[in-house]
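The structure file model.cif is reproduced below (mmCIF, N, CA, C and O atoms).
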```
data_work
#
loop_
_atom_site.label_atom_id
_atom_site.label_comp_id
_atom_site.auth_asym_id
_atom_site.auth_seq_id
_atom_site.Cartn_x
_atom_site.Cartn_y
_atom_site.Cartn_z
N MET Y 138 -8.58 -17.65 5.79
CA MET Y 138 -9.31 -18.65 5.01
C MET Y 138 -8.90 -18.48 3.54
O MET Y 138 -8.93 -17.38 3.01
N ASP Y 139 -8.50 -19.58 2.89
CA ASP Y 139 -8.11 -19.49 1.48
C ASP Y 139 -9.36 -19.45 0.59
O ASP Y 139 -10.48 -19.62 1.07
N ARG Y 140 -9.15 -19.24 -0.69
CA ARG Y 140 -10.28 -19.07 -1.62
C ARG Y 140 -11.16 -20.31 -1.73
O ARG Y 140 -12.38 -20.19 -1.75
N ASP Y 141 -10.56 -21.48 -1.81
CA ASP Y 141 -11.38 -22.71 -1.88
C ASP Y 141 -12.25 -22.84 -0.63
O ASP Y 141 -13.42 -23.20 -0.71
N SER Y 142 -11.67 -22.56 0.52
CA SER Y 142 -12.42 -22.64 1.78
C SER Y 142 -13.56 -21.62 1.81
O SER Y 142 -14.65 -21.92 2.30
N ARG Y 143 -13.32 -20.43 1.27
CA ARG Y 143 -14.38 -19.41 1.22
C ARG Y 143 -15.53 -19.86 0.33
O ARG Y 143 -16.69 -19.65 0.66
N VAL Y 144 -15.21 -20.46 -0.80
CA VAL Y 144 -16.26 -20.95 -1.70
C VAL Y 144 -17.09 -22.02 -1.01
O VAL Y 144 -18.32 -21.98 -1.00
N ARG Y 145 -16.44 -22.97 -0.39
CA ARG Y 145 -17.16 -24.04 0.30
C ARG Y 145 -17.96 -23.50 1.48
O ARG Y 145 -19.10 -23.92 1.73
N ALA Y 146 -17.40 -22.53 2.20
CA ALA Y 146 -18.11 -21.90 3.32
C ALA Y 146 -19.33 -21.13 2.83
O ALA Y 146 -20.37 -21.10 3.50
N TYR Y 147 -19.23 -20.52 1.65
CA TYR Y 147 -20.37 -19.80 1.07
C TYR Y 147 -21.58 -20.73 0.98
O TYR Y 147 -22.68 -20.39 1.42
N TYR Y 148 -21.40 -21.91 0.41
CA TYR Y 148 -22.51 -22.85 0.25
C TYR Y 148 -23.01 -23.38 1.59
O TYR Y 148 -24.22 -23.48 1.81
N ARG Y 149 -22.09 -23.72 2.48
CA ARG Y 149 -22.50 -24.23 3.81
C ARG Y 149 -23.35 -23.21 4.55
O ARG Y 149 -24.39 -23.54 5.11
N ARG Y 150 -22.88 -21.98 4.56
CA ARG Y 150 -23.60 -20.93 5.29
C ARG Y 150 -24.94 -20.62 4.65
O ARG Y 150 -25.92 -20.37 5.35
N LEU Y 151 -25.00 -20.64 3.35
CA LEU Y 151 -26.27 -20.45 2.65
C LEU Y 151 -27.23 -21.60 2.97
O LEU Y 151 -28.38 -21.37 3.34
N ASP Y 152 -26.77 -22.83 2.85
CA ASP Y 152 -27.61 -24.00 3.11
C ASP Y 152 -28.08 -24.06 4.56
O ASP Y 152 -29.19 -24.50 4.84
N ASP Y 153 -27.23 -23.64 5.49
CA ASP Y 153 -27.56 -23.72 6.91
C ASP Y 153 -28.29 -22.48 7.42
O ASP Y 153 -28.62 -22.40 8.61
N GLY Y 154 -28.53 -21.50 6.54
CA GLY Y 154 -29.23 -20.28 6.95
C GLY Y 154 -28.41 -19.41 7.89
O GLY Y 154 -28.96 -18.65 8.68
N GLU Y 155 -27.10 -19.49 7.81
CA GLU Y 155 -26.20 -18.71 8.66
C GLU Y 155 -25.88 -17.39 7.95
O GLU Y 155 -24.77 -17.19 7.43
N TYR Y 156 -26.84 -16.48 7.93
CA TYR Y 156 -26.73 -15.28 7.10
C TYR Y 156 -25.72 -14.27 7.63
O TYR Y 156 -25.05 -13.60 6.83
N ALA Y 157 -25.55 -14.16 8.94
CA ALA Y 157 -24.53 -13.25 9.47
C ALA Y 157 -23.14 -13.74 9.07
O ALA Y 157 -22.27 -12.95 8.69
N GLU Y 158 -22.94 -15.05 9.15
CA GLU Y 158 -21.67 -15.63 8.76
C GLU Y 158 -21.47 -15.53 7.25
O GLU Y 158 -20.36 -15.29 6.78
N LEU Y 159 -22.54 -15.71 6.49
CA LEU Y 159 -22.47 -15.54 5.03
C LEU Y 159 -22.08 -14.11 4.70
O LEU Y 159 -21.22 -13.87 3.85
N GLU Y 160 -22.69 -13.15 5.38
CA GLU Y 160 -22.37 -11.74 5.13
C GLU Y 160 -20.89 -11.46 5.32
O GLU Y 160 -20.29 -10.69 4.56
N SER Y 161 -20.26 -12.12 6.29
CA SER Y 161 -18.84 -11.88 6.55
C SER Y 161 -17.94 -12.33 5.40
O SER Y 161 -16.82 -11.86 5.27
N LEU Y 162 -18.44 -13.23 4.55
CA LEU Y 162 -17.67 -13.69 3.39
C LEU Y 162 -17.77 -12.74 2.21
O LEU Y 162 -16.95 -12.81 1.29
N LEU Y 163 -18.79 -11.88 2.22
CA LEU Y 163 -19.10 -11.04 1.06
C LEU Y 163 -18.59 -9.62 1.27
O LEU Y 163 -18.85 -9.00 2.29
N HIS Y 164 -17.91 -9.11 0.27
CA HIS Y 164 -17.47 -7.72 0.29
C HIS Y 164 -18.71 -6.82 0.22
O HIS Y 164 -19.72 -7.21 -0.38
N PRO Y 165 -18.68 -5.62 0.81
CA PRO Y 165 -19.85 -4.74 0.74
C PRO Y 165 -20.31 -4.43 -0.69
O PRO Y 165 -21.50 -4.18 -0.91
N THR Y 166 -19.41 -4.49 -1.66
CA THR Y 166 -19.78 -4.21 -3.05
C THR Y 166 -20.16 -5.48 -3.81
O THR Y 166 -20.27 -5.45 -5.04
N PHE Y 167 -20.37 -6.58 -3.10
CA PHE Y 167 -20.71 -7.87 -3.72
C PHE Y 167 -21.88 -7.73 -4.69
O PHE Y 167 -22.88 -7.07 -4.40
N VAL Y 168 -21.74 -8.39 -5.86
CA VAL Y 168 -22.78 -8.43 -6.89
C VAL Y 168 -22.96 -9.88 -7.31
O VAL Y 168 -21.98 -10.60 -7.47
N GLN Y 169 -24.22 -10.30 -7.46
CA GLN Y 169 -24.50 -11.62 -8.04
C GLN Y 169 -25.32 -11.44 -9.30
O GLN Y 169 -26.34 -10.74 -9.29
N ARG Y 170 -24.86 -12.09 -10.36
CA ARG Y 170 -25.62 -12.13 -11.62
C ARG Y 170 -26.03 -13.57 -11.85
O ARG Y 170 -25.21 -14.48 -11.77
N ARG Y 171 -27.32 -13.75 -12.13
CA ARG Y 171 -27.85 -15.08 -12.42
C ARG Y 171 -28.88 -14.95 -13.51
O ARG Y 171 -29.29 -13.84 -13.83
N PRO Y 172 -29.32 -16.05 -14.13
CA PRO Y 172 -30.21 -15.95 -15.28
C PRO Y 172 -31.52 -15.19 -15.02
O PRO Y 172 -32.00 -14.50 -15.90
N ASP Y 173 -32.05 -15.29 -13.82
CA ASP Y 173 -33.36 -14.68 -13.56
C ASP Y 173 -33.30 -13.30 -12.92
O ASP Y 173 -34.31 -12.62 -12.83
N ARG Y 174 -32.13 -12.86 -12.43
CA ARG Y 174 -32.03 -11.55 -11.78
C ARG Y 174 -30.58 -11.22 -11.46
O ARG Y 174 -29.72 -12.08 -11.50
N THR Y 175 -30.38 -9.96 -11.10
CA THR Y 175 -29.07 -9.49 -10.64
C THR Y 175 -29.26 -8.80 -9.31
O THR Y 175 -30.20 -8.01 -9.14
N PHE Y 176 -28.37 -9.09 -8.37
CA PHE Y 176 -28.34 -8.38 -7.09
C PHE Y 176 -27.15 -7.45 -7.13
O PHE Y 176 -26.01 -7.90 -7.24
N GLU Y 177 -27.41 -6.16 -7.07
CA GLU Y 177 -26.37 -5.15 -7.25
C GLU Y 177 -25.58 -4.84 -5.99
O GLU Y 177 -24.62 -4.08 -6.05
N ASP Y 178 -25.98 -5.41 -4.85
CA ASP Y 178 -25.23 -5.17 -3.62
C ASP Y 178 -25.46 -6.30 -2.63
O ASP Y 178 -26.38 -7.10 -2.78
N ARG Y 179 -24.60 -6.35 -1.64
CA ARG Y 179 -24.66 -7.41 -0.64
C ARG Y 179 -25.98 -7.41 0.11
O ARG Y 179 -26.56 -8.48 0.36
N ALA Y 180 -26.48 -6.23 0.48
CA ALA Y 180 -27.71 -6.15 1.27
C ALA Y 180 -28.91 -6.75 0.53
O ALA Y 180 -29.69 -7.50 1.12
N SER Y 181 -29.07 -6.45 -0.76
CA SER Y 181 -30.22 -6.99 -1.49
C SER Y 181 -30.08 -8.50 -1.70
O SER Y 181 -31.07 -9.23 -1.65
N PHE Y 182 -28.86 -8.98 -1.91
CA PHE Y 182 -28.63 -10.42 -2.04
C PHE Y 182 -29.02 -11.13 -0.74
O PHE Y 182 -29.76 -12.11 -0.76
N LEU Y 183 -28.55 -10.62 0.39
CA LEU Y 183 -28.84 -11.25 1.67
C LEU Y 183 -30.32 -11.19 2.02
O LEU Y 183 -30.88 -12.15 2.55
N GLU Y 184 -30.98 -10.08 1.71
CA GLU Y 184 -32.42 -9.97 1.98
C GLU Y 184 -33.19 -11.01 1.19
O GLU Y 184 -34.11 -11.66 1.71
N PHE Y 185 -32.85 -11.18 -0.07
CA PHE Y 185 -33.51 -12.20 -0.88
C PHE Y 185 -33.28 -13.59 -0.29
O PHE Y 185 -34.22 -14.38 -0.17
N MET Y 186 -32.05 -13.89 0.07
CA MET Y 186 -31.75 -15.23 0.60
C MET Y 186 -32.46 -15.47 1.92
O MET Y 186 -32.92 -16.58 2.19
N ARG Y 187 -32.56 -14.46 2.75
CA ARG Y 187 -33.21 -14.60 4.06
C ARG Y 187 -34.72 -14.80 3.94
O ARG Y 187 -35.29 -15.64 4.62
N SER Y 188 -35.36 -14.00 3.08
CA SER Y 188 -36.83 -13.94 3.18
C SER Y 188 -37.61 -13.98 1.88
O SER Y 188 -38.83 -13.99 1.92
N GLU Y 189 -36.95 -14.02 0.74
CA GLU Y 189 -37.70 -13.94 -0.51
C GLU Y 189 -37.53 -15.12 -1.44
O GLU Y 189 -38.34 -15.28 -2.35
N ARG Y 190 -36.53 -15.92 -1.24
CA ARG Y 190 -36.34 -17.03 -2.19
C ARG Y 190 -37.44 -18.07 -2.02
O ARG Y 190 -37.91 -18.31 -0.90
N PRO Y 191 -37.85 -18.68 -3.10
CA PRO Y 191 -39.01 -19.58 -3.05
C PRO Y 191 -38.77 -20.85 -2.24
O PRO Y 191 -39.68 -21.35 -1.60
N LEU Y 192 -37.56 -21.39 -2.26
CA LEU Y 192 -37.23 -22.61 -1.50
C LEU Y 192 -36.05 -22.31 -0.58
O LEU Y 192 -34.99 -21.90 -1.05
N THR Y 193 -36.25 -22.54 0.71
CA THR Y 193 -35.16 -22.31 1.65
C THR Y 193 -34.55 -23.60 2.17
O THR Y 193 -33.45 -23.58 2.70
N GLU Y 194 -35.24 -24.70 2.03
CA GLU Y 194 -34.74 -26.00 2.49
C GLU Y 194 -34.03 -26.70 1.33
O GLU Y 194 -34.50 -27.71 0.81
N THR Y 195 -32.90 -26.15 0.93
CA THR Y 195 -32.13 -26.71 -0.17
C THR Y 195 -30.70 -26.97 0.26
O THR Y 195 -30.23 -26.43 1.27
N THR Y 196 -30.02 -27.79 -0.52
CA THR Y 196 -28.62 -28.11 -0.27
C THR Y 196 -27.86 -28.04 -1.58
O THR Y 196 -28.34 -28.55 -2.60
N HIS Y 197 -26.71 -27.40 -1.54
CA HIS Y 197 -25.81 -27.37 -2.70
C HIS Y 197 -24.85 -28.54 -2.59
O HIS Y 197 -24.10 -28.63 -1.62
N LYS Y 198 -24.89 -29.43 -3.55
CA LYS Y 198 -23.97 -30.57 -3.59
C LYS Y 198 -22.88 -30.24 -4.60
O LYS Y 198 -23.12 -30.27 -5.82
N LEU Y 199 -21.71 -29.90 -4.10
CA LEU Y 199 -20.60 -29.53 -4.97
C LEU Y 199 -19.95 -30.78 -5.55
O LEU Y 199 -19.75 -31.77 -4.85
N THR Y 200 -19.61 -30.69 -6.83
CA THR Y 200 -18.87 -31.77 -7.47
C THR Y 200 -17.45 -31.35 -7.80
O THR Y 200 -16.55 -32.17 -7.78
N THR Y 201 -17.25 -30.05 -8.07
CA THR Y 201 -15.93 -29.56 -8.46
C THR Y 201 -15.76 -28.12 -8.04
O THR Y 201 -16.69 -27.31 -8.14
N VAL Y 202 -14.55 -27.78 -7.56
CA VAL Y 202 -14.13 -26.40 -7.39
C VAL Y 202 -12.83 -26.27 -8.16
O VAL Y 202 -11.86 -27.00 -7.89
N CYS Y 203 -12.82 -25.37 -9.16
CA CYS Y 203 -11.65 -25.17 -10.01
C CYS Y 203 -11.03 -23.81 -9.71
O CYS Y 203 -11.74 -22.82 -9.55
N ALA Y 204 -9.72 -23.79 -9.69
CA ALA Y 204 -9.00 -22.56 -9.37
C ALA Y 204 -8.43 -21.92 -10.63
O ALA Y 204 -8.02 -22.60 -11.56
N SER Y 205 -8.45 -20.59 -10.62
CA SER Y 205 -7.72 -19.81 -11.61
C SER Y 205 -7.02 -18.70 -10.84
O SER Y 205 -7.29 -18.49 -9.66
N GLU Y 206 -6.15 -17.99 -11.50
CA GLU Y 206 -5.44 -16.92 -10.82
C GLU Y 206 -6.39 -15.85 -10.29
O GLU Y 206 -6.20 -15.31 -9.22
N GLY Y 207 -7.47 -15.59 -11.03
CA GLY Y 207 -8.38 -14.52 -10.65
C GLY Y 207 -9.56 -14.92 -9.79
O GLY Y 207 -10.25 -14.07 -9.25
N GLY Y 208 -9.85 -16.21 -9.65
CA GLY Y 208 -11.03 -16.59 -8.89
C GLY Y 208 -11.20 -18.08 -8.80
O GLY Y 208 -10.23 -18.85 -8.87
N ARG Y 209 -12.45 -18.48 -8.66
CA ARG Y 209 -12.80 -19.89 -8.55
C ARG Y 209 -14.09 -20.15 -9.31
O ARG Y 209 -14.95 -19.26 -9.42
N ALA Y 210 -14.24 -21.37 -9.80
CA ALA Y 210 -15.50 -21.82 -10.39
C ALA Y 210 -15.91 -23.08 -9.63
O ALA Y 210 -15.07 -23.93 -9.33
N ALA Y 211 -17.19 -23.16 -9.30
CA ALA Y 211 -17.72 -24.33 -8.60
C ALA Y 211 -18.88 -24.87 -9.41
O ALA Y 211 -19.70 -24.11 -9.93
N SER Y 212 -18.94 -26.19 -9.51
CA SER Y 212 -20.08 -26.81 -10.18
C SER Y 212 -20.71 -27.80 -9.23
O SER Y 212 -20.06 -28.33 -8.32
N GLY Y 213 -22.00 -28.01 -9.44
CA GLY Y 213 -22.71 -28.96 -8.60
C GLY Y 213 -24.18 -28.99 -8.92
O GLY Y 213 -24.60 -28.60 -10.03
N HIS Y 214 -24.96 -29.42 -7.93
CA HIS Y 214 -26.40 -29.58 -8.10
C HIS Y 214 -27.11 -29.00 -6.88
O HIS Y 214 -26.63 -29.16 -5.76
N LEU Y 215 -28.22 -28.34 -7.12
CA LEU Y 215 -29.07 -27.87 -6.03
C LEU Y 215 -30.11 -28.94 -5.77
O LEU Y 215 -30.82 -29.37 -6.69
N LEU Y 216 -30.19 -29.38 -4.51
CA LEU Y 216 -31.12 -30.43 -4.12
C LEU Y 216 -32.21 -29.86 -3.23
O LEU Y 216 -31.96 -28.96 -2.43
N ASP Y 217 -33.43 -30.40 -3.37
CA ASP Y 217 -34.52 -29.97 -2.49
C ASP Y 217 -34.43 -30.71 -1.15
O ASP Y 217 -33.50 -31.49 -0.92
N ALA Y 218 -35.39 -30.46 -0.28
CA ALA Y 218 -35.38 -31.04 1.07
C ALA Y 218 -35.41 -32.57 1.07
O ALA Y 218 -34.95 -33.20 2.02
N ASN Y 219 -35.91 -33.16 -0.01
CA ASN Y 219 -35.97 -34.62 -0.12
C ASN Y 219 -34.77 -35.22 -0.84
O ASN Y 219 -34.73 -36.42 -1.10
N GLY Y 220 -33.81 -34.37 -1.22
CA GLY Y 220 -32.63 -34.85 -1.92
C GLY Y 220 -32.80 -34.96 -3.42
O GLY Y 220 -31.92 -35.49 -4.10
N ASN Y 221 -33.91 -34.46 -3.95
CA ASN Y 221 -34.14 -34.49 -5.39
C ASN Y 221 -33.42 -33.32 -6.05
O ASN Y 221 -33.46 -32.19 -5.55
N GLU Y 222 -32.81 -33.58 -7.19
CA GLU Y 222 -32.10 -32.52 -7.91
C GLU Y 222 -33.08 -31.54 -8.53
O GLU Y 222 -34.01 -31.93 -9.24
N LEU Y 223 -32.87 -30.25 -8.23
CA LEU Y 223 -33.66 -29.18 -8.85
C LEU Y 223 -33.01 -28.72 -10.15
O LEU Y 223 -33.69 -28.51 -11.14
N PHE Y 224 -31.69 -28.54 -10.12
CA PHE Y 224 -30.95 -28.16 -11.32
C PHE Y 224 -29.45 -28.24 -11.05
O PHE Y 224 -29.02 -28.28 -9.91
N ALA Y 225 -28.69 -28.28 -12.14
CA ALA Y 225 -27.23 -28.22 -12.06
C ALA Y 225 -26.81 -26.76 -12.19
O ALA Y 225 -27.52 -25.95 -12.78
N PHE Y 226 -25.66 -26.41 -11.62
CA PHE Y 226 -25.19 -25.03 -11.68
C PHE Y 226 -23.67 -24.98 -11.83
O PHE Y 226 -22.97 -25.94 -11.50
N ILE Y 227 -23.22 -23.86 -12.33
CA ILE Y 227 -21.81 -23.47 -12.29
C ILE Y 227 -21.79 -22.05 -11.76
O ILE Y 227 -22.49 -21.17 -12.29
N ASP Y 228 -21.02 -21.83 -10.71
CA ASP Y 228 -20.85 -20.50 -10.14
C ASP Y 228 -19.41 -20.06 -10.35
O ASP Y 228 -18.48 -20.84 -10.10
N VAL Y 229 -19.24 -18.83 -10.79
CA VAL Y 229 -17.91 -18.25 -10.98
C VAL Y 229 -17.75 -17.13 -9.96
O VAL Y 229 -18.54 -16.18 -9.95
N PHE Y 230 -16.74 -17.26 -9.10
CA PHE Y 230 -16.49 -16.33 -8.00
C PHE Y 230 -15.29 -15.46 -8.30
O PHE Y 230 -14.28 -15.94 -8.80
N GLU Y 231 -15.41 -14.17 -7.93
CA GLU Y 231 -14.27 -13.26 -7.96
C GLU Y 231 -14.05 -12.74 -6.55
O GLU Y 231 -15.01 -12.64 -5.77
N PHE Y 232 -12.80 -12.39 -6.24
CA PHE Y 232 -12.42 -12.01 -4.89
C PHE Y 232 -11.78 -10.63 -4.88
O PHE Y 232 -11.10 -10.25 -5.82
N GLY Y 233 -11.96 -9.93 -3.77
CA GLY Y 233 -11.30 -8.64 -3.58
C GLY Y 233 -9.95 -8.82 -2.91
O GLY Y 233 -9.59 -9.94 -2.51
N PRO Y 234 -9.21 -7.74 -2.76
CA PRO Y 234 -7.88 -7.82 -2.14
C PRO Y 234 -7.93 -8.34 -0.70
O PRO Y 234 -6.95 -8.91 -0.21
N ASP Y 235 -9.06 -8.16 -0.03
CA ASP Y 235 -9.19 -8.64 1.35
C ASP Y 235 -9.61 -10.10 1.42
O ASP Y 235 -9.79 -10.65 2.50
N GLY Y 236 -9.80 -10.74 0.25
CA GLY Y 236 -10.17 -12.14 0.21
C GLY Y 236 -11.66 -12.41 0.18
O GLY Y 236 -12.09 -13.53 -0.04
N ARG Y 237 -12.48 -11.36 0.42
CA ARG Y 237 -13.92 -11.57 0.40
C ARG Y 237 -14.45 -11.63 -1.03
O ARG Y 237 -13.82 -11.14 -1.96
N LEU Y 238 -15.61 -12.25 -1.18
CA LEU Y 238 -16.24 -12.40 -2.49
C LEU Y 238 -16.77 -11.06 -2.98
O LEU Y 238 -17.53 -10.40 -2.26
N THR Y 239 -16.40 -10.69 -4.20
CA THR Y 239 -16.87 -9.42 -4.77
C THR Y 239 -17.92 -9.64 -5.86
O THR Y 239 -18.76 -8.78 -6.07
N GLN Y 240 -17.83 -10.76 -6.55
CA GLN Y 240 -18.76 -11.01 -7.64
C GLN Y 240 -19.01 -12.51 -7.78
O GLN Y 240 -18.10 -13.31 -7.62
N LEU Y 241 -20.25 -12.83 -8.08
CA LEU Y 241 -20.65 -14.22 -8.33
C LEU Y 241 -21.54 -14.23 -9.55
O LEU Y 241 -22.54 -13.50 -9.60
N THR Y 242 -21.16 -15.01 -10.54
CA THR Y 242 -21.98 -15.20 -11.72
C THR Y 242 -22.43 -16.64 -11.73
O THR Y 242 -21.61 -17.56 -11.63
N THR Y 243 -23.75 -16.83 -11.79
CA THR Y 243 -24.34 -18.16 -11.72
C THR Y 243 -24.89 -18.56 -13.08
O THR Y 243 -25.59 -17.78 -13.73
N TYR Y 244 -24.58 -19.78 -13.49
CA TYR Y 244 -25.08 -20.36 -14.73
C TYR Y 244 -25.85 -21.63 -14.35
O TYR Y 244 -25.36 -22.44 -13.58
N VAL Y 245 -27.06 -21.78 -14.89
CA VAL Y 245 -27.86 -22.98 -14.63
C VAL Y 245 -28.29 -23.61 -15.93
O VAL Y 245 -28.31 -23.00 -16.95
#
```

For this file, produce the structure as structure tokens.
Amino acid sequence: MDRDSRVRAYYRRLDDGEYAELESLLHPTFVQRRPDRTFEDRASFLEFMRSERPLTETTHKLTTVCASEGGRAASGHLLDANGNELFAFIDVFEFGPDGRLTQLTTYV
């Protein structure tokens, strides 16, 4: 799977609640930094997504995926269950040598 496909699969798996499949995209040392918190490892990120996030019926509507030599940036909107926009985002992804996601920085 190429990097663009991994980024798109990340959102699909998150939106569809496919956490085992999402885990396979993330390197064990995966870190996410976002304005409200930081997840220092894959396990804490996945636990939050599975059972602690306030809204689980959401959809990421991507508008752009941009490539650079070191990673990818994706922009879009998070929509609620009714299709209403909650906020716009830009995610910056970094990849390890095995192609899995090692770092995600989220801007809202």

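Shortest atom-to-atom contact with Y:Ala210 among Y:Leu159, Y:Ala146, Y:Val229, Y:Met186: Y:Val229, counting only C-alpha atoms.
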
Problem set entry | Hits of the PyMOL selection byres ((chain Y and resi 209) around 6) in this structure, as a PyMOL selection string | chain Y and resi 203-205+207-208+210-211+228-231

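Closest approach to Y:Tyr147 from the set Y:Leu215, Y:Val245, Y:Val168, Y:Leu238 is made by Y:Leu238, with distances taken over only C-alpha atoms.
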
Problem set entry | Expected answer as a VMD selection string: alpha helix (DSSP H) residues in chain Y | chain Y and resid 140 to 152 156 to 162 179 to 188

Seminar exercise, completed: atom N of Y:Arg237 sits from atom O of Y:Leu162 at a separation of 4.8 Å

Residues selected by the PyMOL selection byres (((chain Y and resi 243 and name CA) around 8) and name CA), written as a PDB file with N, CA, C and O atoms, in the coordinates of the input:
```pdb
ATOM      1  N   GLN Y 169     -24.220 -10.300  -7.460  1.00  0.00           N
ATOM      2  CA  GLN Y 169     -24.500 -11.620  -8.040  1.00  0.00           C
ATOM      3  C   GLN Y 169     -25.320 -11.440  -9.300  1.00  0.00           C
ATOM      4  O   GLN Y 169     -26.340 -10.740  -9.290  1.00  0.00           O
ATOM      5  N   ARG Y 170     -24.860 -12.090 -10.360  1.00  0.00           N
ATOM      6  CA  ARG Y 170     -25.620 -12.130 -11.620  1.00  0.00           C
ATOM      7  C   ARG Y 170     -26.030 -13.570 -11.850  1.00  0.00           C
ATOM      8  O   ARG Y 170     -25.210 -14.480 -11.770  1.00  0.00           O
ATOM      9  N   ARG Y 171     -27.320 -13.750 -12.130  1.00  0.00           N
ATOM     10  CA  ARG Y 171     -27.850 -15.080 -12.420  1.00  0.00           C
ATOM     11  C   ARG Y 171     -28.880 -14.950 -13.510  1.00  0.00           C
ATOM     12  O   ARG Y 171     -29.290 -13.840 -13.830  1.00  0.00           O
ATOM     13  N   PRO Y 172     -29.320 -16.050 -14.130  1.00  0.00           N
ATOM     14  CA  PRO Y 172     -30.210 -15.950 -15.280  1.00  0.00           C
ATOM     15  C   PRO Y 172     -31.520 -15.190 -15.020  1.00  0.00           C
ATOM     16  O   PRO Y 172     -32.000 -14.500 -15.900  1.00  0.00           O
ATOM     17  N   PHE Y 226     -25.660 -26.410 -11.620  1.00  0.00           N
ATOM     18  CA  PHE Y 226     -25.190 -25.030 -11.680  1.00  0.00           C
ATOM     19  C   PHE Y 226     -23.670 -24.980 -11.830  1.00  0.00           C
ATOM     20  O   PHE Y 226     -22.970 -25.940 -11.500  1.00  0.00           O
ATOM     21  N   ILE Y 227     -23.220 -23.860 -12.330  1.00  0.00           N
ATOM     22  CA  ILE Y 227     -21.810 -23.470 -12.290  1.00  0.00           C
ATOM     23  C   ILE Y 227     -21.790 -22.050 -11.760  1.00  0.00           C
ATOM     24  O   ILE Y 227     -22.490 -21.170 -12.290  1.00  0.00           O
ATOM     25  N   ASP Y 228     -21.020 -21.830 -10.710  1.00  0.00           N
ATOM     26  CA  ASP Y 228     -20.850 -20.500 -10.140  1.00  0.00           C
ATOM     27  C   ASP Y 228     -19.410 -20.060 -10.350  1.00  0.00           C
ATOM     28  O   ASP Y 228     -18.480 -20.840 -10.100  1.00  0.00           O
ATOM     29  N   VAL Y 229     -19.240 -18.830 -10.790  1.00  0.00           N
ATOM     30  CA  VAL Y 229     -17.910 -18.250 -10.980  1.00  0.00           C
ATOM     31  C   VAL Y 229     -17.750 -17.130  -9.960  1.00  0.00           C
ATOM     32  O   VAL Y 229     -18.540 -16.180  -9.950  1.00  0.00           O
ATOM     33  N   LEU Y 241     -20.250 -12.830  -8.080  1.00  0.00           N
ATOM     34  CA  LEU Y 241     -20.650 -14.220  -8.330  1.00  0.00           C
ATOM     35  C   LEU Y 241     -21.540 -14.230  -9.550  1.00  0.00           C
ATOM     36  O   LEU Y 241     -22.540 -13.500  -9.600  1.00  0.00           O
ATOM     37  N   THR Y 242     -21.160 -15.010 -10.540  1.00  0.00           N
ATOM     38  CA  THR Y 242     -21.980 -15.200 -11.720  1.00  0.00           C
ATOM     39  C   THR Y 242     -22.430 -16.640 -11.730  1.00  0.00           C
ATOM     40  O   THR Y 242     -21.610 -17.560 -11.630  1.00  0.00           O
ATOM     41  N   TYR Y 244     -24.580 -19.780 -13.490  1.00  0.00           N
ATOM     42  CA  TYR Y 244     -25.080 -20.360 -14.730  1.00  0.00           C
ATOM     43  C   TYR Y 244     -25.850 -21.630 -14.350  1.00  0.00           C
ATOM     44  O   TYR Y 244     -25.360 -22.440 -13.580  1.00  0.00           O
ATOM     45  N   VAL Y 245     -27.060 -21.780 -14.890  1.00  0.00           N
ATOM     46  CA  VAL Y 245     -27.860 -22.980 -14.630  1.00  0.00           C
ATOM     47  C   VAL Y 245     -28.290 -23.610 -15.930  1.00  0.00           C
ATOM     48  O   VAL Y 245     -28.310 -23.000 -16.950  1.00  0.00           O
TER      49      VAL Y 245
END
```
